[in-house]
Every structure is written in structure tokens, then in C-alpha cells.
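J.: Below is a structure I'd like to ask you about.
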Amino acid sequence: MKKNDLFTAVVLAADRTARDPISVETGAPCKAFARVGGIPMIIRVLDALEASGMVKGIILCGPPKSLLPACPELEERIRSGRVIWLPNLDSPSRSARSGLSQVNQEDPVLLTTADHALLTPAIVQYFLRNSQTSDCDAAVGVVKYEDVAAAFPGARRTVIRLKDANVCGCNLYAFLNDRGRGLVSFWQRAEDLRKRPVRLIMETFGFATVFYYLLGLLTIERGLRAVRRKTAIRAHPVFLPYPQAGVDVDKVADLVLAESVLAGKGPAAGGEADLRGPAP
């Protein structure tokens, strides 16, 4: 692979709340340091990114500098230059913008999160390779809800119900060019307006898009066209054949599920779903 085809990864690693439920449950000073399968989540994510062979550098936004000594392995990676650490800002979108500002405009960027405890090199490879072959400015990783439900019966996930697919997000975003990075500004506007729902709908999606969604008539393409009209950014979904890509560790139940998968026990409620997906 050519050097300019490699991605720089930006990883968001700050807690969203003062008393994150995973930190409370595990006693970790922050969620990113909570151990899953005996290894801090953040180290699992960094290892997956490095082992993919498609990431040439990693920028970590958070956790606060005062907490870094609690994870000596991370501290060593920062000291050696394997990871560039930046302080997190007051929202995920602002932290993402800060990370992107450190990357050359011509370089493609992968954005993900530190709570992606089941991330694997194969997931990273599949997502980035398919992002590169799609004619778009930015790509978003998704999995079909039916695949997640089949792999993890009884697990509760956030579902976006569309006319042509029910999907779960994967906290995987690829910005293939400078225009694609504009999605972070779009995201920031949505965050800034979250307490003003009418303006949020008008300025981010428009009433027509929300109306279609409420009626169950919104398709993926119609939703992407709405984003394109608002931002001039061509975004593309990448459907991942890995149900575990749709699992991030936000709740204690997610932690239990991730531990079960990493222990080789498969779905939390039994079953024999193949969690590996196709060979990369």
C-alpha cells in the first residue's frame, strides 16, 4: 500500500459524564482505562489500529493528562511517539476537530472511539478498504441490526430504523479528503443546538427528512441526499459484516457482553453466530 493511502487515526477517549457507569463499575479512573478481557479498552483499540497495517499514525484526544499515569502502557506509547496525545475539549465534536487540525489536509483520516473494545484489525481493514473504493468524501461504518440481534440475542442497541434497512452505528468514520472533514462541523452544529430541537431539525436535516423518518419512509439514500444538500459532502455508508463492530462499551451490560465475546463464549444469550466475518 502506498504511504499516501495510509490513514491517520484520531481516537476520542474522554468520558462524557463525571461519573461514567463503566468507570464506576470497574473502579477505573476513566472509561478508556477500564479493563475488558484483562486489557484496558484504549490499548485494545490502539493495538487493532496498529495491527491493521492501514494506519500510519494515531492521535489520541483525552483522557486528561492527570490520569495518564494510571495506564503506564499508554503513557509509554505517548512518550515513545507511537501515540500523539492531545487534551480533550468540552465536546466530542470539538475534540475531533482538534485532532483533525493536527493532520495534513491531503491525508485521509479514520475517526473512532476508545470504548470500541471489540475492534479488530480485520474490522479496520474492511472499513477502510471499502471507504477508499467508494466514490465519496466521507464514509460511515454501520452494521445491520438484524446481524447484531442474531449474534447477540437480547442485547439492547440503538437502532436507526429506515425503510430499506435497520442499522446500528459503529463509531467508525473515514474522511477521505478535506471536504469530508466538514462532517465534523456538521456534527458540532448539531451538538450546539441539541437543546433547541426545532432549530436542530431545521439546520441539520430539515423538516421533510424528519417527516419521512417518522413515517417510516426514509431511505438511506434520501438521508444522505439531505446531508449532501446541507453540506455539499458526499457521504457513503459502509455495511460491515462484523456484528461486534456495532458494540461499544457504554453501559455495564455492554461490558458484560464484551467480556463474554472476548472470553470465547460467543453471544451472551447462547447461539453460534460467527463473529469473525469474512477474511480480510
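Residues in the C-alpha cells are numbered from 1 in each chain, the chains being A, B, ... in the order shown, and ligands are numbered from 1 in the order shown.
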Could you write out, as a PyMOL selection string, all the residues of range 52-234 of chain A that DSSP marks as helix (DSSP H, G or I)?

T.: chain A and resi 65-70+72-80+92-100+121-133+145-151+182-192+197-205+207-214+220-231

J.: Give me the residues of range 36-120 of chain A that have any atom at most 12 Å from an atom of range 125-134 of chain A; for each, the nearest atom pair and the distance in Å, rounded to one decimal. Use only C-alpha atoms, sort by chain and number, and format it as a tab-separated table.

T.:
```
residue	atom	partner	partner_atom	distance
A:Ala48	CA	A:Gln125	CA	9.7
A:Leu49	CA	A:Gln125	CA	9.0
A:Glu50	CA	A:Gln125	CA	10.8
A:Ala51	CA	A:Gln125	CA	9.6
A:Ser52	CA	A:Gln125	CA	5.9
A:Gly53	CA	A:Gln125	CA	7.9
A:Met54	CA	A:Gln125	CA	6.8
A:Val55	CA	A:Gln125	CA	9.5
A:Pro108	CA	A:Gln132	CA	9.3
A:Val109	CA	A:Leu128	CA	9.6
A:Leu110	CA	A:Leu128	CA	7.9
A:Leu111	CA	A:Leu128	CA	10.9
A:Thr112	CA	A:Phe127	CA	11.7
A:Leu119	CA	A:Gln125	CA	10.7
A:Thr120	CA	A:Gln125	CA	8.7
```

J.: Might you pull out every residue within 12 Å of Leu67 in chain A, with only C-alpha atoms counted and same-chain residues fewer than 2 positions away left off, and present them as a PyMOL selection string?

T.: chain A and resi 13-15+28-33+62-65+69-72+74-75+87

J.: Using the selection just defined, write its residues with all heavy atoms as a short mmCIF file (atom, residue, chain, number, x, y, z; two decimals), in the first residue's frame.

T.:
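Output (part19.cif):
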```cif
data_model
loop_
_atom_site.label_atom_id
_atom_site.label_comp_id
_atom_site.auth_asym_id
_atom_site.auth_seq_id
_atom_site.Cartn_x
_atom_site.Cartn_y
_atom_site.Cartn_z
N ALA A 13 -11.18 9.82 23.49
CA ALA A 13 -11.02 8.99 24.69
C ALA A 13 -11.42 9.68 25.99
O ALA A 13 -10.95 9.30 27.06
CB ALA A 13 -9.56 8.52 24.80
N ALA A 14 -12.27 10.68 25.90
CA ALA A 14 -12.70 11.38 27.12
C ALA A 14 -14.06 10.86 27.58
O ALA A 14 -14.90 10.47 26.76
CB ALA A 14 -12.78 12.89 26.87
N ASP A 15 -14.29 10.85 28.89
CA ASP A 15 -15.60 10.48 29.42
C ASP A 15 -16.62 11.57 29.10
O ASP A 15 -16.30 12.76 29.13
CB ASP A 15 -15.53 10.30 30.94
CG ASP A 15 -14.77 9.03 31.33
OD1 ASP A 15 -14.46 8.23 30.43
OD2 ASP A 15 -14.52 8.85 32.53
N ALA A 28 -12.04 2.06 37.39
CA ALA A 28 -11.03 2.72 36.57
C ALA A 28 -11.19 4.23 36.68
O ALA A 28 -12.31 4.74 36.84
CB ALA A 28 -11.17 2.29 35.11
N PRO A 29 -10.10 4.99 36.59
CA PRO A 29 -10.20 6.45 36.72
C PRO A 29 -10.94 7.09 35.55
O PRO A 29 -11.41 8.22 35.66
CB PRO A 29 -8.75 6.91 36.78
CG PRO A 29 -7.97 5.82 36.13
CD PRO A 29 -8.70 4.55 36.46
N CYS A 30 -11.03 6.39 34.42
CA CYS A 30 -11.83 6.86 33.28
C CYS A 30 -12.23 5.63 32.47
O CYS A 30 -11.62 4.55 32.59
CB CYS A 30 -11.06 7.86 32.41
SG CYS A 30 -9.60 7.16 31.62
N LYS A 31 -13.26 5.79 31.64
CA LYS A 31 -13.79 4.64 30.91
C LYS A 31 -12.73 4.01 30.00
O LYS A 31 -12.66 2.78 29.88
CB LYS A 31 -15.01 5.04 30.08
CG LYS A 31 -15.61 3.88 29.30
CD LYS A 31 -16.97 4.20 28.74
CE LYS A 31 -16.91 5.15 27.58
NZ LYS A 31 -18.20 5.22 26.84
N ALA A 32 -11.91 4.82 29.36
CA ALA A 32 -10.92 4.30 28.42
C ALA A 32 -9.95 3.33 29.07
O ALA A 32 -9.38 2.46 28.40
CB ALA A 32 -10.15 5.46 27.78
N PHE A 33 -9.74 3.48 30.39
CA PHE A 33 -8.79 2.62 31.09
C PHE A 33 -9.44 1.37 31.69
O PHE A 33 -8.75 0.53 32.27
CB PHE A 33 -8.08 3.40 32.20
CG PHE A 33 -7.19 4.51 31.71
CD1 PHE A 33 -6.65 5.41 32.61
CD2 PHE A 33 -6.89 4.66 30.37
CE1 PHE A 33 -5.82 6.43 32.17
CE2 PHE A 33 -6.06 5.69 29.92
CZ PHE A 33 -5.53 6.58 30.82
N GLY A 62 -7.67 13.09 24.70
CA GLY A 62 -8.04 12.66 26.03
C GLY A 62 -7.42 11.31 26.29
O GLY A 62 -6.76 10.73 25.42
N PRO A 63 -7.63 10.78 27.48
CA PRO A 63 -8.25 11.42 28.65
C PRO A 63 -7.34 12.50 29.23
O PRO A 63 -6.24 12.71 28.73
CB PRO A 63 -8.44 10.24 29.61
CG PRO A 63 -7.35 9.30 29.25
CD PRO A 63 -7.17 9.41 27.76
N PRO A 64 -7.79 13.20 30.29
CA PRO A 64 -6.97 14.27 30.86
C PRO A 64 -5.57 13.80 31.22
O PRO A 64 -5.35 12.66 31.63
CB PRO A 64 -7.76 14.67 32.11
CG PRO A 64 -9.17 14.31 31.79
CD PRO A 64 -9.09 13.05 30.97
N LYS A 65 -4.61 14.69 31.05
CA LYS A 65 -3.21 14.36 31.28
C LYS A 65 -2.97 13.83 32.69
O LYS A 65 -2.12 12.95 32.90
CB LYS A 65 -2.34 15.59 31.02
CG LYS A 65 -0.86 15.31 30.97
CD LYS A 65 -0.10 16.55 30.53
CE LYS A 65 1.38 16.23 30.33
NZ LYS A 65 2.12 17.44 29.86
N PRO A 69 -0.89 8.57 34.11
CA PRO A 69 -0.07 7.63 34.88
C PRO A 69 -0.82 6.36 35.31
O PRO A 69 -0.19 5.35 35.63
CB PRO A 69 0.37 8.45 36.09
CG PRO A 69 0.37 9.87 35.60
CD PRO A 69 -0.82 9.94 34.67
N ALA A 70 -2.15 6.40 35.30
CA ALA A 70 -2.92 5.23 35.69
C ALA A 70 -2.89 4.13 34.62
O ALA A 70 -3.31 3.01 34.88
CB ALA A 70 -4.38 5.62 35.97
N CYS A 71 -2.37 4.46 33.44
CA CYS A 71 -2.23 3.47 32.37
C CYS A 71 -0.81 3.55 31.84
O CYS A 71 -0.54 4.21 30.82
CB CYS A 71 -3.25 3.72 31.26
SG CYS A 71 -3.30 2.41 29.99
N PRO A 72 0.14 2.91 32.51
CA PRO A 72 1.55 3.02 32.13
C PRO A 72 1.83 2.64 30.68
O PRO A 72 2.70 3.24 30.03
CB PRO A 72 2.25 2.06 33.11
CG PRO A 72 1.33 1.98 34.28
CD PRO A 72 -0.05 2.08 33.71
N LEU A 74 -0.09 3.06 28.05
CA LEU A 74 -0.44 4.20 27.21
C LEU A 74 0.58 5.31 27.38
O LEU A 74 1.01 5.93 26.40
CB LEU A 74 -1.84 4.70 27.56
CG LEU A 74 -2.29 5.97 26.83
CD1 LEU A 74 -2.30 5.76 25.33
CD2 LEU A 74 -3.66 6.42 27.32
N GLU A 75 0.95 5.57 28.60
CA GLU A 75 1.92 6.63 28.88
C GLU A 75 3.23 6.37 28.12
O GLU A 75 3.83 7.29 27.55
CB GLU A 75 2.18 6.72 30.38
CG GLU A 75 2.72 8.06 30.83
CD GLU A 75 2.75 8.18 32.33
OE1 GLU A 75 2.91 7.16 33.03
OE2 GLU A 75 2.61 9.31 32.83
N PRO A 87 -5.14 17.19 24.65
CA PRO A 87 -6.19 17.31 25.67
C PRO A 87 -7.56 17.28 25.03
O PRO A 87 -7.76 17.82 23.93
CB PRO A 87 -5.90 18.67 26.31
CG PRO A 87 -5.14 19.44 25.28
CD PRO A 87 -4.34 18.43 24.52
#
```

J.: Ranking A:Leu215, A:Ala232, A:Val238, A:Val83 by minimum distance to Ile42 in chain A and counting only C-alpha atoms, which one comes first?

T.: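 Ranking A:Leu215, A:Ala232, A:Val238, A:Val83 by distance to Ile42 in chain A, first place goes to A:Val83.
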
J.: I want to know what sits within 8 Å of Leu218 in chain A, based on only C-alpha atoms, with residues of the same chain fewer than 4 positions away left out; could you give that as a list in words?

T.: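 That gives Leu162, Lys163, Thr209, Tyr212, Tyr213, Arg222 and Gly223 of chain A.
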
J.: Looking only at the backbone, which of the residues in range 8-232 of chain A does DSSP tag as strand (DSSP E or B), as a PyMOL selection string?

T.: chain A and resi 8-12+35-36+39-40+55-61+84-86+109-113+138-144+160-161+166-175

J.: Export C-alpha atoms of the chosen residues as a compact mmCIF listing (two decimals), in the first residue's frame?

T.:
```
# COMPACT_ATOMS: atom_id res chain seq x y z
CA THR A 8 -4.09 8.79 10.37
CA ALA A 9 -6.37 7.67 13.19
CA VAL A 10 -7.97 10.10 15.61
CA VAL A 11 -9.28 8.40 18.74
CA LEU A 12 -11.70 10.13 21.13
CA ARG A 35 -10.12 -3.43 31.55
CA VAL A 36 -12.01 -5.70 29.18
CA ILE A 39 -6.64 -5.26 28.89
CA PRO A 40 -7.56 -1.54 29.05
CA VAL A 55 -2.83 3.33 9.92
CA LYS A 56 0.41 5.32 9.87
CA GLY A 57 -0.16 7.43 12.97
CA ILE A 58 -2.51 7.77 15.93
CA ILE A 59 -3.75 10.94 17.63
CA LEU A 60 -5.48 10.47 20.97
CA CYS A 61 -7.84 13.17 22.26
CA ILE A 84 0.28 11.70 19.96
CA TRP A 85 -1.79 12.86 22.93
CA LEU A 86 -4.00 15.97 22.86
CA VAL A 109 -8.38 10.21 8.48
CA LEU A 110 -10.09 7.47 10.47
CA LEU A 111 -12.10 8.68 13.46
CA THR A 112 -13.08 6.22 16.19
CA THR A 113 -13.52 5.99 19.96
CA ALA A 138 -16.60 10.58 3.83
CA ALA A 139 -17.75 7.13 4.88
CA VAL A 140 -19.64 5.92 7.94
CA GLY A 141 -19.44 2.38 9.28
CA VAL A 142 -22.76 0.65 10.03
CA VAL A 143 -24.00 -2.88 10.68
CA LYS A 144 -27.43 -4.30 10.03
CA ILE A 160 -31.83 3.72 13.22
CA ARG A 161 -34.93 2.33 11.53
CA ASN A 166 -32.36 -1.06 10.21
CA VAL A 167 -28.82 -0.10 11.14
CA CYS A 168 -26.56 0.36 14.16
CA GLY A 169 -23.65 2.76 14.19
CA CYS A 170 -20.08 1.53 14.65
CA ASN A 171 -18.18 4.65 15.76
CA LEU A 172 -16.10 4.39 12.60
CA TYR A 173 -15.81 7.40 10.29
CA ALA A 174 -13.46 7.89 7.37
CA PHE A 175 -12.68 11.32 5.94
```

J.: As a list in words, please: the residues near range 22-27 of chain A (cut-off 7 Å, only C-alpha atoms, same-chain neighbours under 3 positions excluded).

T.: Arg19, Cys30, Lys31, Ala34, Asp250, Lys251 and Val252 of chain A

J.: Could those selected residues go to a file with N, CA and C atoms, as a PDB file, in the first residue's frame?

T.:
```
ATOM      1  N   ARG A  19     -19.504  10.849  36.226  1.00  0.00           N
ATOM      2  CA  ARG A  19     -19.493   9.507  36.818  1.00  0.00           C
ATOM      3  C   ARG A  19     -19.932   8.494  35.760  1.00  0.00           C
ATOM      4  N   CYS A  30     -11.035   6.390  34.416  1.00  0.00           N
ATOM      5  CA  CYS A  30     -11.833   6.856  33.276  1.00  0.00           C
ATOM      6  C   CYS A  30     -12.231   5.634  32.468  1.00  0.00           C
ATOM      7  N   LYS A  31     -13.262   5.789  31.640  1.00  0.00           N
ATOM      8  CA  LYS A  31     -13.785   4.637  30.905  1.00  0.00           C
ATOM      9  C   LYS A  31     -12.733   4.010  30.002  1.00  0.00           C
ATOM     10  N   ALA A  34     -10.745   1.255  31.587  1.00  0.00           N
ATOM     11  CA  ALA A  34     -11.424   0.076  32.114  1.00  0.00           C
ATOM     12  C   ALA A  34     -10.923  -1.164  31.381  1.00  0.00           C
ATOM     13  N   ASP A 250     -20.725   1.322  26.540  1.00  0.00           N
ATOM     14  CA  ASP A 250     -21.302   2.497  27.194  1.00  0.00           C
ATOM     15  C   ASP A 250     -21.965   2.161  28.518  1.00  0.00           C
ATOM     16  N   LYS A 251     -22.490   0.945  28.608  1.00  0.00           N
ATOM     17  CA  LYS A 251     -23.251   0.527  29.782  1.00  0.00           C
ATOM     18  C   LYS A 251     -22.629  -0.729  30.375  1.00  0.00           C
ATOM     19  N   VAL A 252     -22.999  -1.030  31.607  1.00  0.00           N
ATOM     20  CA  VAL A 252     -22.468  -2.220  32.262  1.00  0.00           C
ATOM     21  C   VAL A 252     -22.852  -3.469  31.472  1.00  0.00           C
TER      22      VAL A 252
END
```

J.: What does the distance from CA of Leu255 in chain A to CA of Tyr242 in chain A come to in Å, to one decimal?

T.: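 Distance between the two atoms: 18.0 Å.
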
J.: Kindly indicate which residue among A:Cys136, A:Ala253, A:Ala263, A:Ile123 lies nearest to Gly154 in chain A, using only C-alpha atoms for the distances.

T.: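 Going through A:Cys136, A:Ala253, A:Ala263, A:Ile123 one by one, the smallest distance to Gly154 in chain A is for A:Ala253.
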
J.: Skip Ala117 in chain A itself and residues of its chain fewer than 5 positions away, then list as a list in words all residues within 8 Å of it, counting only C-alpha atoms.

T.: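 Here the answer would be Val36, Met41, Ile42, Arg44, Val45, Asp248, Val249 and Ala258 of chain A.
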